[in-house]
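Data from my_file-v4.pdb: PDB, C-alpha atoms and all ligand atoms
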ATOM      1  CA  MET A   1       4.543 -22.964  -3.077
ATOM      2  CA  PRO A   2       5.926 -20.477  -0.535
ATOM      3  CA  LEU A   3       4.578 -16.917  -0.671
ATOM      4  CA  GLN A   4       6.437 -14.691  -3.145
ATOM      5  CA  ILE A   5       7.830 -11.690  -1.260
ATOM      6  CA  VAL A   6       9.557  -8.633  -2.697
ATOM      7  CA  HIS A   7      12.078  -6.776  -0.553
ATOM      8  CA  HIS A   8      15.168  -4.596  -0.798
ATOM      9  CA  PRO A   9      17.518  -3.475   2.016
ATOM     10  CA  GLY A  10      17.224   0.021   0.516
ATOM     11  CA  TYR A  11      13.566   0.175   1.658
ATOM     12  CA  ASP A  12      15.081   1.390   4.930
ATOM     13  CA  ALA A  13      16.314   4.951   4.395
ATOM     14  CA  GLY A  14      17.901   4.974   7.868
ATOM     15  CA  PHE A  15      15.969   7.705   9.694
ATOM     16  CA  ALA A  16      16.725   8.573  13.316
ATOM     17  CA  VAL A  17      14.863   6.255  15.712
ATOM     18  CA  ASN A  18      12.777   9.129  17.072
ATOM     19  CA  HIS A  19      11.617  10.292  13.601
ATOM     20  CA  ARG A  20       7.834  10.508  13.220
ATOM     21  CA  PHE A  21       8.054   7.980  10.397
ATOM     22  CA  PRO A  22       9.120   4.572  11.855
ATOM     23  CA  MET A  23      11.580   3.685   9.087
ATOM     24  CA  SER A  24      13.102   0.744  10.991
ATOM     25  CA  LYS A  25       9.856  -1.188  10.532
ATOM     26  CA  TYR A  26      11.114  -2.390   7.126
ATOM     27  CA  PRO A  27      14.151  -4.396   8.333
ATOM     28  CA  LEU A  28      12.211  -5.485  11.435
ATOM     29  CA  LEU A  29       9.374  -6.759   9.231
ATOM     30  CA  MET A  30      11.849  -8.892   7.272
ATOM     31  CA  GLU A  31      13.224 -10.242  10.557
ATOM     32  CA  ALA A  32       9.679 -11.032  11.706
ATOM     33  CA  LEU A  33       8.997 -12.831   8.403
ATOM     34  CA  ARG A  34      12.182 -14.920   8.705
ATOM     35  CA  ILE A  35      11.268 -15.919  12.262
ATOM     36  CA  ARG A  36       7.896 -17.072  10.910
ATOM     37  CA  GLY A  37       9.566 -19.225   8.235
ATOM     38  CA  LEU A  38       8.626 -16.788   5.454
ATOM     39  CA  ALA A  39      11.012 -14.745   3.271
ATOM     40  CA  ILE A  40      13.002 -17.775   2.244
ATOM     41  CA  PRO A  41      15.470 -18.028  -0.676
ATOM     42  CA  GLY A  42      13.668 -18.854  -3.900
ATOM     43  CA  ALA A  43      10.578 -16.938  -2.818
ATOM     44  CA  LEU A  44      12.323 -13.613  -2.213
ATOM     45  CA  SER A  45      12.862 -11.102  -5.042
ATOM     46  CA  MET A  46      14.649  -7.762  -5.182
ATOM     47  CA  PRO A  47      13.578  -4.873  -7.419
ATOM     48  CA  GLU A  48      15.779  -2.534  -9.446
ATOM     49  CA  PRO A  49      14.955   1.169  -8.959
ATOM     50  CA  ALA A  50      12.015   2.319 -11.102
ATOM     51  CA  SER A  51      12.989   4.372 -14.153
ATOM     52  CA  ALA A  52      11.969   8.005 -14.542
ATOM     53  CA  ALA A  53       9.858   7.084 -17.583
ATOM     54  CA  ARG A  54       7.884   4.555 -15.558
ATOM     55  CA  LEU A  55       7.353   6.961 -12.643
ATOM     56  CA  LYS A  56       6.096   9.585 -15.098
ATOM     57  CA  LEU A  57       3.190   7.300 -16.015
ATOM     58  CA  ALA A  58       1.625   8.412 -12.727
ATOM     59  CA  HIS A  59       3.469  11.592 -11.749
ATOM     60  CA  ALA A  60       4.205  15.001 -13.224
ATOM     61  CA  ALA A  61       7.510  14.917 -15.104
ATOM     62  CA  ASP A  62       8.994  17.870 -13.208
ATOM     63  CA  TYR A  63       8.221  16.287  -9.829
ATOM     64  CA  VAL A  64       9.806  12.948 -10.842
ATOM     65  CA  ASP A  65      12.929  14.783 -12.016
ATOM     66  CA  GLN A  66      13.064  16.737  -8.733
ATOM     67  CA  VAL A  67      12.908  13.538  -6.644
ATOM     68  CA  ILE A  68      15.559  11.747  -8.704
ATOM     69  CA  ALA A  69      17.865  14.781  -8.537
ATOM     70  CA  CYS A  70      17.101  15.291  -4.794
ATOM     71  CA  ARG A  71      15.926  18.834  -5.533
ATOM     72  CA  VAL A  72      12.361  18.694  -4.231
ATOM     73  CA  PRO A  73      11.152  22.184  -3.176
ATOM     74  CA  GLU A  74      11.033  22.628   0.599
ATOM     75  CA  LYS A  75       7.308  23.342   0.545
ATOM     76  CA  ILE A  76       6.648  19.895  -0.974
ATOM     77  CA  GLU A  77       9.139  18.231   1.395
ATOM     78  CA  ARG A  78       7.156  19.697   4.285
ATOM     79  CA  GLU A  79       3.973  18.151   2.877
ATOM     80  CA  ILE A  80       5.751  14.810   2.484
ATOM     81  CA  GLY A  81       7.025  14.976   6.062
ATOM     82  CA  PHE A  82      10.731  14.415   5.393
ATOM     83  CA  SER A  83      13.440  15.821   3.147
ATOM     84  CA  VAL A  84      14.249  13.943  -0.049
ATOM     85  CA  GLY A  85      17.955  13.130   0.043
ATOM     86  CA  PRO A  86      19.711  10.331  -1.876
ATOM     87  CA  ARG A  87      18.518   7.489   0.400
ATOM     88  CA  VAL A  88      14.903   8.662   0.446
ATOM     89  CA  SER A  89      14.937   9.168  -3.320
ATOM     90  CA  LEU A  90      16.358   5.692  -3.941
ATOM     91  CA  ARG A  91      13.957   4.189  -1.432
ATOM     92  CA  ALA A  92      10.974   5.678  -3.289
ATOM     93  CA  GLN A  93      12.219   4.307  -6.619
ATOM     94  CA  LEU A  94      12.847   0.853  -5.083
ATOM     95  CA  ALA A  95       9.535   0.602  -3.228
ATOM     96  CA  THR A  96       7.626   1.603  -6.364
ATOM     97  CA  ALA A  97       9.466  -0.932  -8.501
ATOM     98  CA  GLY A  98       8.884  -3.474  -5.725
ATOM     99  CA  THR A  99       5.123  -3.156  -6.008
ATOM    100  CA  LEU A 100       5.297  -3.567  -9.797
ATOM    101  CA  LEU A 101       7.516  -6.632  -9.365
ATOM    102  CA  ALA A 102       5.122  -8.078  -6.770
ATOM    103  CA  ALA A 103       2.231  -7.460  -9.177
ATOM    104  CA  ARG A 104       4.037  -9.379 -11.919
ATOM    105  CA  LEU A 105       4.698 -12.230  -9.449
ATOM    106  CA  ALA A 106       1.014 -12.168  -8.473
ATOM    107  CA  LEU A 107      -0.005 -12.505 -12.132
ATOM    108  CA  GLU A 108       2.321 -15.506 -12.392
ATOM    109  CA  HIS A 109       1.738 -17.190  -9.016
ATOM    110  CA  GLY A 110      -1.690 -15.885  -7.943
ATOM    111  CA  ILE A 111      -0.477 -13.907  -4.942
ATOM    112  CA  ALA A 112       2.622 -11.934  -3.949
ATOM    113  CA  CYS A 113       3.442  -9.174  -1.470
ATOM    114  CA  ASN A 114       5.816  -6.240  -1.420
ATOM    115  CA  ALA A 115       7.369  -5.689   2.024
ATOM    116  CA  ALA A 116       6.823  -1.938   1.502
ATOM    117  CA  GLY A 117       4.502   0.152  -0.673
ATOM    118  CA  GLY A 118       1.051   1.587  -0.258
ATOM    119  CA  SER A 119       2.239   5.205  -0.615
ATOM    120  CA  HIS A 120      -1.294   6.298  -1.368
ATOM    121  CA  HIS A 121      -1.077  10.006  -0.516
ATOM    122  CA  ALA A 122       1.340  10.773  -3.369
ATOM    123  CA  ARG A 123      -0.689  12.644  -5.983
ATOM    124  CA  ARG A 124       0.080  13.219  -9.653
ATOM    125  CA  ALA A 125       1.730  16.589  -9.001
ATOM    126  CA  GLN A 126       3.701  15.752  -5.839
ATOM    127  CA  GLY A 127       4.201  13.629  -2.750
ATOM    128  CA  ALA A 128       2.462  14.127   0.610
ATOM    129  CA  GLY A 129       1.805  12.389   3.946
ATOM    130  CA  PHE A 130       5.047  10.318   4.129
ATOM    131  CA  CYS A 131       4.528   9.252   0.489
ATOM    132  CA  THR A 132       7.001  10.182  -2.264
ATOM    133  CA  PHE A 133       5.784   8.127  -5.245
ATOM    134  CA  ASN A 134       2.451   6.309  -5.523
ATOM    135  CA  ASP A 135       3.632   2.729  -6.091
ATOM    136  CA  VAL A 136       0.177   1.226  -6.667
ATOM    137  CA  ALA A 137      -0.743   3.883  -9.247
ATOM    138  CA  VAL A 138       2.586   3.491 -11.072
ATOM    139  CA  ALA A 139       2.283  -0.318 -11.089
ATOM    140  CA  SER A 140      -1.344  -0.195 -12.286
ATOM    141  CA  LEU A 141      -0.541   2.170 -15.145
ATOM    142  CA  ALA A 142       2.591   0.221 -16.112
ATOM    143  CA  LEU A 143       0.682  -3.078 -16.357
ATOM    144  CA  LEU A 144      -2.111  -1.391 -18.350
ATOM    145  CA  ALA A 145       0.401   0.251 -20.720
ATOM    146  CA  GLU A 146       2.022  -3.130 -21.389
ATOM    147  CA  GLY A 147      -1.329  -4.799 -21.979
ATOM    148  CA  ALA A 148      -0.618  -7.246 -19.141
ATOM    149  CA  VAL A 149      -4.036  -6.422 -17.592
ATOM    150  CA  GLU A 150      -7.236  -4.642 -18.662
ATOM    151  CA  ASN A 151      -9.190  -4.235 -15.406
ATOM    152  CA  VAL A 152      -7.479  -3.258 -12.154
ATOM    153  CA  LEU A 153      -9.031  -3.006  -8.701
ATOM    154  CA  VAL A 154      -7.439  -1.116  -5.815
ATOM    155  CA  VAL A 155      -8.653  -2.136  -2.345
ATOM    156  CA  ASP A 156      -7.163   0.367   0.098
ATOM    157  CA  LEU A 157      -7.819  -0.473   3.752
ATOM    158  CA  ASP A 158      -5.156   1.777   5.247
ATOM    159  CA  VAL A 159      -6.887   3.902   7.890
ATOM    160  CA  HIS A 160      -6.195   7.060   5.874
ATOM    161  CA  GLN A 161      -8.158   7.833   2.733
ATOM    162  CA  GLY A 162      -6.404   6.979  -0.550
ATOM    163  CA  ASP A 163      -6.486  10.527  -1.903
ATOM    164  CA  GLY A 164      -3.335  10.336  -4.027
ATOM    165  CA  THR A 165      -4.389   7.122  -5.747
ATOM    166  CA  ALA A 166      -7.821   8.625  -6.438
ATOM    167  CA  ASP A 167      -6.212  11.780  -7.835
ATOM    168  CA  ILE A 168      -3.888   9.930 -10.222
ATOM    169  CA  LEU A 169      -6.423   7.384 -11.438
ATOM    170  CA  LYS A 170      -9.634   9.451 -11.513
ATOM    171  CA  ASP A 171      -9.618   9.688 -15.331
ATOM    172  CA  GLU A 172      -8.507   6.066 -15.873
ATOM    173  CA  PRO A 173     -11.686   3.995 -16.336
ATOM    174  CA  ARG A 174      -9.749   0.704 -16.364
ATOM    175  CA  VAL A 175      -8.834   1.133 -12.686
ATOM    176  CA  PHE A 176     -11.461   1.128  -9.919
ATOM    177  CA  THR A 177     -10.353   2.623  -6.612
ATOM    178  CA  PHE A 178     -11.946   1.655  -3.304
ATOM    179  CA  SER A 179     -10.873   3.164   0.012
ATOM    180  CA  MET A 180     -12.236   2.308   3.462
ATOM    181  CA  HIS A 181     -10.811   4.633   6.099
ATOM    182  CA  GLY A 182     -11.362   6.670   9.238
ATOM    183  CA  GLU A 183     -13.682   9.556   8.444
ATOM    184  CA  ARG A 184     -11.996  12.073  10.783
ATOM    185  CA  ASN A 185      -8.436  11.154   9.866
ATOM    186  CA  TYR A 186      -5.841  12.627   7.474
ATOM    187  CA  PRO A 187      -6.199  13.861   4.734
ATOM    188  CA  VAL A 188      -8.519  16.705   5.716
ATOM    189  CA  ARG A 189      -9.441  17.306   2.064
ATOM    190  CA  LYS A 190     -10.232  13.880   0.663
ATOM    191  CA  ILE A 191     -10.240  13.217  -3.088
ATOM    192  CA  ALA A 192     -13.146  10.946  -4.033
ATOM    193  CA  SER A 193     -12.247   7.370  -4.938
ATOM    194  CA  ASP A 194     -14.615   5.405  -7.190
ATOM    195  CA  LEU A 195     -15.980   4.047  -3.911
ATOM    196  CA  ASP A 196     -15.267   5.397  -0.425
ATOM    197  CA  ALA A 197     -16.404   4.005   2.914
ATOM    198  CA  ALA A 198     -15.751   6.337   5.858
ATOM    199  CA  LEU A 199     -15.800   4.885   9.371
ATOM    200  CA  PRO A 200     -16.332   6.692  12.687
ATOM    201  CA  ASP A 201     -13.620   6.896  15.353
ATOM    202  CA  GLY A 202     -13.421   3.822  17.547
ATOM    203  CA  THR A 203     -14.841   1.366  14.994
ATOM    204  CA  GLY A 204     -13.837  -2.083  16.248
ATOM    205  CA  ASP A 205     -13.440  -5.544  14.745
ATOM    206  CA  ASP A 206     -17.092  -6.532  14.337
ATOM    207  CA  ALA A 207     -18.452  -3.347  12.748
ATOM    208  CA  TYR A 208     -15.354  -3.056  10.556
ATOM    209  CA  LEU A 209     -15.536  -6.618   9.271
ATOM    210  CA  ASP A 210     -19.322  -6.420   8.742
ATOM    211  CA  ARG A 211     -18.922  -3.329   6.575
ATOM    212  CA  LEU A 212     -16.130  -4.937   4.566
ATOM    213  CA  ALA A 213     -18.114  -8.137   4.075
ATOM    214  CA  THR A 214     -20.946  -6.193   2.425
ATOM    215  CA  ILE A 215     -18.629  -4.231   0.115
ATOM    216  CA  LEU A 216     -16.336  -6.980  -1.250
ATOM    217  CA  PRO A 217     -19.116  -8.749  -3.220
ATOM    218  CA  GLN A 218     -20.196  -5.379  -4.702
ATOM    219  CA  LEU A 219     -16.658  -4.954  -6.042
ATOM    220  CA  SER A 220     -16.653  -8.399  -7.618
ATOM    221  CA  TRP A 221     -20.059  -7.957  -9.289
ATOM    222  CA  GLN A 222     -18.826  -5.001 -11.321
ATOM    223  CA  ARG A 223     -16.209  -6.545 -13.529
ATOM    224  CA  ARG A 224     -13.864  -9.459 -13.907
ATOM    225  CA  TRP A 225     -10.708  -8.043 -12.309
ATOM    226  CA  ASP A 226      -7.350  -9.036 -13.783
ATOM    227  CA  ILE A 227      -5.520  -8.027 -10.607
ATOM    228  CA  VAL A 228      -6.280  -6.487  -7.231
ATOM    229  CA  PHE A 229      -3.816  -4.277  -5.381
ATOM    230  CA  TYR A 230      -4.453  -4.618  -1.670
ATOM    231  CA  ASN A 231      -3.160  -1.881   0.667
ATOM    232  CA  ALA A 232      -3.156  -3.638   4.053
ATOM    233  CA  GLY A 233      -2.245  -0.649   6.219
ATOM    234  CA  VAL A 234      -2.198  -1.681   9.877
ATOM    235  CA  ASP A 235      -2.941   1.816  11.180
ATOM    236  CA  VAL A 236      -6.509   0.603  11.824
ATOM    237  CA  HIS A 237      -5.078  -1.108  14.929
ATOM    238  CA  ALA A 238      -6.178   0.045  18.402
ATOM    239  CA  GLU A 239      -2.567   0.707  19.414
ATOM    240  CA  ASP A 240      -1.661   2.715  16.323
ATOM    241  CA  ARG A 241      -0.464   6.251  17.076
ATOM    242  CA  LEU A 242      -2.421   7.814  14.186
ATOM    243  CA  GLY A 243      -5.273   5.404  13.641
ATOM    244  CA  ARG A 244      -8.419   6.322  15.649
ATOM    245  CA  LEU A 245     -10.014   2.931  14.892
ATOM    246  CA  ALA A 246      -9.884   0.033  17.308
ATOM    247  CA  LEU A 247      -9.021  -3.212  15.556
ATOM    248  CA  THR A 248      -7.260  -6.015  17.451
ATOM    249  CA  ASP A 249      -4.629  -8.425  16.110
ATOM    250  CA  ASN A 250      -7.406 -10.968  15.588
ATOM    251  CA  GLY A 251      -9.447  -8.375  13.738
ATOM    252  CA  LEU A 252      -6.519  -7.592  11.453
ATOM    253  CA  SER A 253      -5.950 -11.263  10.794
ATOM    254  CA  ALA A 254      -9.651 -11.769   9.999
ATOM    255  CA  ARG A 255      -9.566  -8.749   7.677
ATOM    256  CA  GLU A 256      -6.596 -10.116   5.682
ATOM    257  CA  ASP A 257      -8.282 -13.510   5.476
ATOM    258  CA  MET A 258     -11.543 -11.950   4.300
ATOM    259  CA  VAL A 259      -9.917  -9.865   1.552
ATOM    260  CA  ILE A 260      -7.409 -12.404   0.309
ATOM    261  CA  GLY A 261      -9.888 -15.282   0.534
ATOM    262  CA  HIS A 262     -12.530 -13.310  -1.343
ATOM    263  CA  PHE A 263     -10.315 -12.630  -4.356
ATOM    264  CA  ARG A 264      -8.303 -15.847  -4.428
ATOM    265  CA  LYS A 265     -11.494 -17.965  -4.327
ATOM    266  CA  ARG A 266     -12.527 -16.090  -7.487
ATOM    267  CA  GLY A 267      -9.130 -16.633  -9.114
ATOM    268  CA  VAL A 268      -8.189 -12.932  -9.061
ATOM    269  CA  PRO A 269      -4.420 -12.379  -8.665
ATOM    270  CA  LEU A 270      -3.644 -10.313  -5.558
ATOM    271  CA  CYS A 271      -0.680  -8.005  -4.962
ATOM    272  CA  GLY A 272      -0.364  -7.034  -1.287
ATOM    273  CA  VAL A 273       1.436  -3.902  -0.089
ATOM    274  CA  ILE A 274       1.968  -3.038   3.567
ATOM    275  CA  GLY A 275       0.686   0.554   3.779
ATOM    276  CA  GLY A 276       0.801   2.593   6.959
ATOM    277  CA  GLY A 277       1.461   1.683  10.557
ATOM    278  CA  TYR A 278       2.752   3.986  13.294
ATOM    279  CA  SER A 279       4.067   3.130  16.729
ATOM    280  CA  ALA A 280       7.041   3.864  18.942
ATOM    281  CA  ASP A 281       7.115   0.116  19.609
ATOM    282  CA  VAL A 282       8.506  -0.782  16.189
ATOM    283  CA  PRO A 283       8.919  -4.554  16.785
ATOM    284  CA  ALA A 284       5.208  -4.719  17.708
ATOM    285  CA  LEU A 285       4.412  -2.698  14.601
ATOM    286  CA  ALA A 286       6.498  -5.019  12.401
ATOM    287  CA  ALA A 287       4.633  -8.005  13.878
ATOM    288  CA  ARG A 288       1.345  -6.332  12.889
ATOM    289  CA  HIS A 289       2.554  -5.911   9.304
ATOM    290  CA  ALA A 290       3.684  -9.565   9.310
ATOM    291  CA  ILE A 291       0.054 -10.676   9.691
ATOM    292  CA  LEU A 292      -0.598  -9.875   6.005
ATOM    293  CA  PHE A 293       2.222 -12.211   4.989
ATOM    294  CA  GLU A 294       1.197 -14.976   7.401
ATOM    295  CA  VAL A 295      -2.343 -14.971   6.043
ATOM    296  CA  ALA A 296      -1.205 -14.583   2.402
ATOM    297  CA  SER A 297       1.123 -17.574   2.788
ATOM    298  CA  ARG A 298      -1.931 -19.794   3.343
ATOM    299  CA  TYR A 299      -3.237 -18.965  -0.138
ATOM    300  CA  GLU A 300      -1.974 -19.806  -3.625
TER     301      GLU A 300
HETATM  302 ZN    ZN B   1      -2.259   5.343   6.782
END

Re-express the file's structure as C-alpha cells.
Amino acid sequence: MPLQIVHHPGYDAGFAVNHRFPMSKYPLLMEALRIRGLAIPGALSMPEPASAARLKLAHAADYVDQVIACRVPEKIEREIGFSVGPRVSLRAQLATAGTLLAARLALEHGIACNAAGGSHHARRAQGAGFCTFNDVAVASLALLAEGAVENVLVVDLDVHQGDGTADILKDEPRVFTFSMHGERNYPVRKIASDLDAALPDGTGDDAYLDRLATILPQLSWQRRWDIVFYNAGVDVHAEDRLGRLALTDNGLSAREDMVIGHFRKRGVPLCGVIGGGYSADVPALAARHAILFEVASRYE
C-alpha cells in the first residue's frame, strides 16, 4: 500500500518570497514527493475546510469567528506573524481539516501524513508564532468527541515547545502531550506539556536520538494509545534559520524511523504532520520535510 498523503493547493497562501514564513515550501514539498514516487493518485486525499463548530472544539468561539470573517485584531495578527486575509483564513481551515482527515486515514490504514499541519503555538484563545488554528488539538478533540478514539498521544518534536497544544489540552486527561524542543528557543514563556524534554543549543544527532530513545518506551508504558499525532518539525536541522540544534539529514531520517518504527511495531496508528522548518533555501527545506514521507512510506 502506498503512503496515504493529505494535501490541498490552498495550503499555500501565496506569501511574498521574502516573507519570514516560507509559504512556498508547501507546493515544493508536493513536488519533492512526486519526484520521489510518493503523492500518487489513489493515495492522495484533499480536505474540505474545517467547520466553525469543529474549530470551536479547541478554540474560543470569538477567535474562530474572527478568523473566518478575516477580522482578527491587529494585536493578535502581530503575535501570529502575518495578517489573516481570505487566503490565510482558508489555509488555516484546510490545514486543520487535513490533519483530521490524515488521522482518519491513519486509523484505517495504520499511517498517514498531512503535507501541512503542526500549528502547535495556536492556543485556545488565539493564534501565535505563525500558527492560526491548532490542527492537532482540533483533530484530537474531534476524534474523542466522535468516540473514534479514547487515548491520544501527541509526540511533538518540532524544535519549538508545543505551548499551544499544551494550553488547549491541559484539562483533557484522554490526551497526553509530549514535547521535545530547544530550551532557549521560542516561546519564551512555555506552557507545560504532560511531558517536556528541553535540549541545549547545539544538540546534535547522537545526543538527540539517545534522549528520544529513552523517552519513547516511557510513553508506551503509560497506556494503550489509539492514535499518535507526530509533529515532525524539521527546524531541529543544523541549517534551519530558527533552530539552534544541529541535526543532519541522516539524523532527521533516523529520528523519523525511530518514532514511526516505535509506534507501528506496537500497532499504534500514526498521523504525521510536517511542523516547522525555516530557510531561505526553500527547495532544500522542502527536501527536509520530504524525509518524513520517505520514511513513513516504508511502514504500513
Ligand atoms: Zn518550530

Expansion of the PyMOL selection byres (((not hetatm)) within 10 of (chain B and resi 1)) into residues, as a PDB file with C-alpha atoms, in the coordinates of the input:
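So part_4.pdb came out as:
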ATOM      1  CA  GLY A 118       1.051   1.587  -0.258  1.00  0.00           C
ATOM      2  CA  SER A 119       2.239   5.205  -0.615  1.00  0.00           C
ATOM      3  CA  HIS A 120      -1.294   6.298  -1.368  1.00  0.00           C
ATOM      4  CA  HIS A 121      -1.077  10.006  -0.516  1.00  0.00           C
ATOM      5  CA  GLY A 129       1.805  12.389   3.946  1.00  0.00           C
ATOM      6  CA  PHE A 130       5.047  10.318   4.129  1.00  0.00           C
ATOM      7  CA  ASP A 156      -7.163   0.367   0.098  1.00  0.00           C
ATOM      8  CA  LEU A 157      -7.819  -0.473   3.752  1.00  0.00           C
ATOM      9  CA  ASP A 158      -5.156   1.777   5.247  1.00  0.00           C
ATOM     10  CA  VAL A 159      -6.887   3.902   7.890  1.00  0.00           C
ATOM     11  CA  HIS A 160      -6.195   7.060   5.874  1.00  0.00           C
ATOM     12  CA  GLN A 161      -8.158   7.833   2.733  1.00  0.00           C
ATOM     13  CA  GLY A 162      -6.404   6.979  -0.550  1.00  0.00           C
ATOM     14  CA  HIS A 181     -10.811   4.633   6.099  1.00  0.00           C
ATOM     15  CA  GLY A 182     -11.362   6.670   9.238  1.00  0.00           C
ATOM     16  CA  ASN A 185      -8.436  11.154   9.866  1.00  0.00           C
ATOM     17  CA  TYR A 186      -5.841  12.627   7.474  1.00  0.00           C
ATOM     18  CA  PRO A 187      -6.199  13.861   4.734  1.00  0.00           C
ATOM     19  CA  ASN A 231      -3.160  -1.881   0.667  1.00  0.00           C
ATOM     20  CA  ALA A 232      -3.156  -3.638   4.053  1.00  0.00           C
ATOM     21  CA  GLY A 233      -2.245  -0.649   6.219  1.00  0.00           C
ATOM     22  CA  VAL A 234      -2.198  -1.681   9.877  1.00  0.00           C
ATOM     23  CA  ASP A 235      -2.941   1.816  11.180  1.00  0.00           C
ATOM     24  CA  VAL A 236      -6.509   0.603  11.824  1.00  0.00           C
ATOM     25  CA  ASP A 240      -1.661   2.715  16.323  1.00  0.00           C
ATOM     26  CA  LEU A 242      -2.421   7.814  14.186  1.00  0.00           C
ATOM     27  CA  GLY A 243      -5.273   5.404  13.641  1.00  0.00           C
ATOM     28  CA  ILE A 274       1.968  -3.038   3.567  1.00  0.00           C
ATOM     29  CA  GLY A 275       0.686   0.554   3.779  1.00  0.00           C
ATOM     30  CA  GLY A 276       0.801   2.593   6.959  1.00  0.00           C
ATOM     31  CA  GLY A 277       1.461   1.683  10.557  1.00  0.00           C
ATOM     32  CA  TYR A 278       2.752   3.986  13.294  1.00  0.00           C
TER      33      TYR A 278
END

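Close to (10.0, 4.4, -15.8), meaning no more than 10 Å away when counting only C-alpha atoms, sit the residues Pro49, Ala50, Ser51, Ala52, Ala53, Arg54, Leu55, Lys56, Leu57, Ala58, Val64, Gln93, Ala97, Val138 and Ala142 of chain A.
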
Enclosing box along x, y and z for every listed atom of segment 180-187 of chain A, padded 8 Å each side, centre and size in Å, one decimal, as lines of an AutoDock Vina configuration file:
center_x = -9.8
center_y = 8.1
center_z = 7.1
size_x = 23.8
size_y = 27.6
size_z = 23.3

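For the residues A:His109, A:Arg34, A:Lys75, A:His59, ranking by smallest atom-to-atom distance to Leu169 of chain A using only C-alpha atoms places A:His59 first.
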
Output of the PyMOL selection byres (((chain A and resi 170) around 12) and not hetatm), listed as a PDB file with C-alpha atoms, in the frame of the given file:
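So the final result, stored in expr-v9.pdb, reads:
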ATOM      1  CA  ALA A  58       1.625   8.412 -12.727  1.00  0.00           C
ATOM      2  CA  ARG A 123      -0.689  12.644  -5.983  1.00  0.00           C
ATOM      3  CA  ARG A 124       0.080  13.219  -9.653  1.00  0.00           C
ATOM      4  CA  ALA A 137      -0.743   3.883  -9.247  1.00  0.00           C
ATOM      5  CA  GLY A 162      -6.404   6.979  -0.550  1.00  0.00           C
ATOM      6  CA  ASP A 163      -6.486  10.527  -1.903  1.00  0.00           C
ATOM      7  CA  GLY A 164      -3.335  10.336  -4.027  1.00  0.00           C
ATOM      8  CA  THR A 165      -4.389   7.122  -5.747  1.00  0.00           C
ATOM      9  CA  ALA A 166      -7.821   8.625  -6.438  1.00  0.00           C
ATOM     10  CA  ASP A 167      -6.212  11.780  -7.835  1.00  0.00           C
ATOM     11  CA  ILE A 168      -3.888   9.930 -10.222  1.00  0.00           C
ATOM     12  CA  LEU A 169      -6.423   7.384 -11.438  1.00  0.00           C
ATOM     13  CA  ASP A 171      -9.618   9.688 -15.331  1.00  0.00           C
ATOM     14  CA  GLU A 172      -8.507   6.066 -15.873  1.00  0.00           C
ATOM     15  CA  PRO A 173     -11.686   3.995 -16.336  1.00  0.00           C
ATOM     16  CA  ARG A 174      -9.749   0.704 -16.364  1.00  0.00           C
ATOM     17  CA  VAL A 175      -8.834   1.133 -12.686  1.00  0.00           C
ATOM     18  CA  PHE A 176     -11.461   1.128  -9.919  1.00  0.00           C
ATOM     19  CA  THR A 177     -10.353   2.623  -6.612  1.00  0.00           C
ATOM     20  CA  PHE A 178     -11.946   1.655  -3.304  1.00  0.00           C
ATOM     21  CA  ILE A 191     -10.240  13.217  -3.088  1.00  0.00           C
ATOM     22  CA  ALA A 192     -13.146  10.946  -4.033  1.00  0.00           C
ATOM     23  CA  SER A 193     -12.247   7.370  -4.938  1.00  0.00           C
ATOM     24  CA  ASP A 194     -14.615   5.405  -7.190  1.00  0.00           C
ATOM     25  CA  LEU A 195     -15.980   4.047  -3.911  1.00  0.00           C
TER      26      LEU A 195
END

With the cut-off set at 12 Å and counting all atoms listed in the file, tabulate each residue of segment 11-119 of chain A with an atom at most that distance from an atom of segment 248-265 of chain A, showing the nearest atom pair and its distance in Å to one decimal, ordered by chain and increasing number, as a tab-separated table.
residue	atom	partner	partner_atom	distance
A:Ala106	CA	A:Arg264	CA	10.8
A:Leu107	CA	A:Arg264	CA	11.8
A:His109	CA	A:Arg264	CA	11.1
A:Gly110	CA	A:Arg264	CA	7.5
A:Ile111	CA	A:Arg264	CA	8.1
A:Ala112	CA	A:Ile260	CA	10.9
A:Cys113	CA	A:Ile260	CA	11.5

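Take the PyMOL selection byres (((chain A and resi 80) around 10) and not hetatm) and apply it to this file: it picks Glu74, Lys75, Ile76, Glu77, Arg78, Glu79, Gly81, Phe82, Ser83, Val84, His121, Ala122, Gln126, Gly127, Ala128, Gly129, Phe130, Cys131 and Thr132 of chain A.
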
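Ranking A:Ala246, A:Ala125, A:Ile40, A:Gln218 by their shortest atom-to-atom distance to Pro200 of chain A, with all atoms listed in the file included, puts A:Ala246 first.
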
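Coordinates place atom CA of Tyr230 of chain A at a distance of 26.4 Å from atom CA of Phe15 of chain A.
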
- Message: Between atom CA of Leu90 of chain A and atom CA of Gly10 of chain A, what is the distance in Å, rounded to a tenth?
- Response: 7.3 Å

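In terms of minimum interatomic distance to Leu247 of chain A, A:Leu209 ranks closest within A:Ile227, A:Leu209, A:Ala280, A:Ala32, counting only C-alpha atoms.
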
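Put simply, atom CA of Arg266 of chain A is 27.1 Å away from atom CA of Leu199 of chain A.
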
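The shortest atom-to-atom distance to Asn114 of chain A, with all atoms listed in the file taken into account, belongs to A:Ser45 out of A:Ser297, A:Ser45, A:Asn134, A:Ser220.
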
- In terms of the shortest atom-to-atom distance over all atoms listed in the file, which of A:Asp281, A:Asp226, A:Glu239, A:Asp62 is closest to Pro22 of chain A? A:Asp281

- Message: Set the distance at 9 Å and use only C-alpha atoms: which residues neighbour Ala43 of chain A once local chain neighbours fewer than 3 positions away are removed? I'd like the list as a count of residues only.
- Response: 9
